[in-house]
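Student: Pasting in a structure now, in structure tokens, and then I'll have a few things to ask.
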Amino acid sequence: MRSLDNAIFKAFEVAGREVKVRTFLDDDIAQILVDGELVAEYGFGGAGCTFITEVDPRILIDIIAEISHSGISKMHG
């Protein structure tokens, strides 16, 4: 289990489901949880995607779009 002490979180709703994205800064790992279930993990720094569980691909596309929109909003202030 990773320490949540040095992690950043973002939570939002997609298609009526709760989505949380958490990034562990010490480990360079990002995780996506849907309704509390870990569905994907990505390692930065060359590791790439470590796993994706069976999840409706439409919700993953919506999640990626929401994360991208959030990042773009922050860049434009």
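In the structure tokens, the first chain shown is A, the next is B, and so on; residue numbers restart at 1 for each chain, and ligands run from 1 in the order shown.
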Give me, as a VMD selection string, all polymer residues having an atom no more than 12 Å from Asp5 of chain A, counting only C-alpha atoms and skipping those fewer than 2 positions away in the same chain.
Tutor: chain A and resid 1 to 3 7 to 9 22 to 27
Student: I need the residues from that last selection saved to file as a JSON list (two decimals), in the first residue's frame (with all heavy atoms), if you can.
Tutor:
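Final output, again-v3.json:
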```json
[["chain", "number", "residue", "atom", "x", "y", "z"],
["A", 1, "MET", "N", 0.84, -1.18, 0.00],
["A", 1, "MET", "CA", 0.00, 0.00, 0.00],
["A", 1, "MET", "C", 0.88, 1.24, 0.00],
["A", 1, "MET", "O", 1.81, 1.36, 0.79],
["A", 1, "MET", "CB", -0.88, -0.03, 1.24],
["A", 1, "MET", "CG", -1.85, 1.09, 1.32],
["A", 1, "MET", "SD", -3.42, 0.49, 0.73],
["A", 1, "MET", "CE", -4.39, 1.92, 0.86],
["A", 2, "ARG", "N", 0.61, 2.16, -0.88],
["A", 2, "ARG", "CA", 1.39, 3.38, -0.98],
["A", 2, "ARG", "C", 0.93, 4.39, 0.07],
["A", 2, "ARG", "O", -0.23, 4.45, 0.41],
["A", 2, "ARG", "CB", 1.25, 3.97, -2.37],
["A", 2, "ARG", "CG", 1.94, 3.13, -3.42],
["A", 2, "ARG", "CD", 1.84, 3.77, -4.79],
["A", 2, "ARG", "NE", 2.65, 3.05, -5.72],
["A", 2, "ARG", "CZ", 2.26, 1.94, -6.33],
["A", 2, "ARG", "NH1", 1.08, 1.45, -6.10],
["A", 2, "ARG", "NH2", 3.06, 1.33, -7.17],
["A", 3, "SER", "N", 1.85, 5.23, 0.50],
["A", 3, "SER", "CA", 1.53, 6.27, 1.46],
["A", 3, "SER", "C", 0.78, 7.40, 0.78],
["A", 3, "SER", "O", 1.19, 7.88, -0.29],
["A", 3, "SER", "CB", 2.81, 6.81, 2.09],
["A", 3, "SER", "OG", 2.52, 7.95, 2.87],
["A", 7, "ALA", "N", 0.61, 12.59, -1.77],
["A", 7, "ALA", "CA", -0.20, 12.31, -2.95],
["A", 7, "ALA", "C", -1.13, 13.48, -3.20],
["A", 7, "ALA", "O", -1.54, 14.18, -2.28],
["A", 7, "ALA", "CB", -1.01, 11.03, -2.76],
["A", 8, "ILE", "N", -1.44, 13.71, -4.47],
["A", 8, "ILE", "CA", -2.44, 14.71, -4.82],
["A", 8, "ILE", "C", -3.64, 13.99, -5.41],
["A", 8, "ILE", "O", -3.51, 12.94, -6.04],
["A", 8, "ILE", "CB", -1.87, 15.78, -5.78],
["A", 8, "ILE", "CG1", -1.28, 15.14, -7.05],
["A", 8, "ILE", "CG2", -0.84, 16.64, -5.09],
["A", 8, "ILE", "CD1", -0.85, 16.16, -8.08],
["A", 9, "PHE", "N", -4.83, 14.56, -5.19],
["A", 9, "PHE", "CA", -6.07, 13.91, -5.58],
["A", 9, "PHE", "C", -6.91, 14.84, -6.42],
["A", 9, "PHE", "O", -6.88, 16.05, -6.25],
["A", 9, "PHE", "CB", -6.90, 13.55, -4.34],
["A", 9, "PHE", "CG", -6.24, 12.61, -3.40],
["A", 9, "PHE", "CD1", -5.37, 13.06, -2.42],
["A", 9, "PHE", "CD2", -6.50, 11.25, -3.48],
["A", 9, "PHE", "CE1", -4.77, 12.18, -1.55],
["A", 9, "PHE", "CE2", -5.89, 10.38, -2.61],
["A", 9, "PHE", "CZ", -5.03, 10.84, -1.64],
["A", 22, "ARG", "N", -5.47, 9.82, -8.34],
["A", 22, "ARG", "CA", -4.48, 10.19, -7.33],
["A", 22, "ARG", "C", -3.09, 9.95, -7.89],
["A", 22, "ARG", "O", -2.84, 8.96, -8.57],
["A", 22, "ARG", "CB", -4.71, 9.45, -6.02],
["A", 22, "ARG", "CG", -4.70, 7.97, -6.10],
["A", 22, "ARG", "CD", -5.12, 7.37, -4.76],
["A", 22, "ARG", "NE", -5.12, 5.93, -4.84],
["A", 22, "ARG", "CZ", -5.72, 5.14, -3.97],
["A", 22, "ARG", "NH1", -6.37, 5.67, -2.95],
["A", 22, "ARG", "NH2", -5.68, 3.84, -4.10],
["A", 23, "THR", "N", -2.21, 10.90, -7.59],
["A", 23, "THR", "CA", -0.84, 10.84, -8.05],
["A", 23, "THR", "C", 0.08, 10.80, -6.83],
["A", 23, "THR", "O", -0.01, 11.68, -5.97],
["A", 23, "THR", "CB", -0.50, 12.06, -8.93],
["A", 23, "THR", "OG1", -1.41, 12.10, -10.02],
["A", 23, "THR", "CG2", 0.92, 11.98, -9.46],
["A", 24, "PHE", "N", 0.90, 9.79, -6.78],
["A", 24, "PHE", "CA", 1.86, 9.63, -5.68],
["A", 24, "PHE", "C", 3.17, 10.27, -6.13],
["A", 24, "PHE", "O", 3.87, 9.73, -7.00],
["A", 24, "PHE", "CB", 2.06, 8.15, -5.36],
["A", 24, "PHE", "CG", 0.80, 7.48, -4.89],
["A", 24, "PHE", "CD1", -0.07, 6.88, -5.78],
["A", 24, "PHE", "CD2", 0.48, 7.48, -3.54],
["A", 24, "PHE", "CE1", -1.23, 6.28, -5.33],
["A", 24, "PHE", "CE2", -0.68, 6.88, -3.08],
["A", 24, "PHE", "CZ", -1.54, 6.27, -3.98],
["A", 25, "LEU", "N", 3.49, 11.40, -5.56],
["A", 25, "LEU", "CA", 4.64, 12.18, -6.01],
["A", 25, "LEU", "C", 5.96, 11.48, -5.73],
["A", 25, "LEU", "O", 6.90, 11.58, -6.51],
["A", 25, "LEU", "CB", 4.60, 13.57, -5.37],
["A", 25, "LEU", "CG", 3.32, 14.36, -5.68],
["A", 25, "LEU", "CD1", 3.31, 15.67, -4.90],
["A", 25, "LEU", "CD2", 3.17, 14.60, -7.17],
["A", 26, "ASP", "N", 6.05, 10.77, -4.60],
["A", 26, "ASP", "CA", 7.29, 10.07, -4.26],
["A", 26, "ASP", "C", 7.58, 8.90, -5.18],
["A", 26, "ASP", "O", 8.72, 8.57, -5.46],
["A", 26, "ASP", "CB", 7.26, 9.55, -2.81],
["A", 26, "ASP", "CG", 7.31, 10.69, -1.80],
["A", 26, "ASP", "OD1", 7.76, 11.79, -2.16],
["A", 26, "ASP", "OD2", 6.88, 10.46, -0.65],
["A", 27, "ASP", "N", 6.52, 8.25, -5.66],
["A", 27, "ASP", "CA", 6.66, 7.04, -6.47],
["A", 27, "ASP", "C", 6.48, 7.27, -7.96],
["A", 27, "ASP", "O", 6.63, 6.36, -8.76],
["A", 27, "ASP", "CB", 5.66, 5.98, -6.02],
["A", 27, "ASP", "CG", 5.89, 5.51, -4.60],
["A", 27, "ASP", "OD1", 7.06, 5.53, -4.16],
["A", 27, "ASP", "OD2", 4.91, 5.15, -3.94]]
```
Student: How many Å lie between atom CA of Arg17 of chain A and atom CA of Gly43 of chain A, rounded to one decimal?
Tutor: 24.2 Å
Student: Please provide as a list in words all residues within 12 Å of segment 54-66 of chain A, with the sequence filter that same-chain residues fewer than 5 positions apart are discarded (counting only C-alpha atoms).
Tutor: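 Contacts, with the query itself left out: Lys10, Ala11, Phe12, Glu13, Val14, Ala15, Gly16, Arg17, Glu18, Val19, Lys20, Val21, Gln31, Ile32, Leu33, Val34, Asp35, Glu37, Leu38, Val39, Ala40, Gly71, Ile72 and Ser73 of chain A.
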Student: As number ranges by chain, please: every residue in segment 9-62 of chain A that DSSP puts in alpha helix (DSSP H).
Tutor: A: 57-62
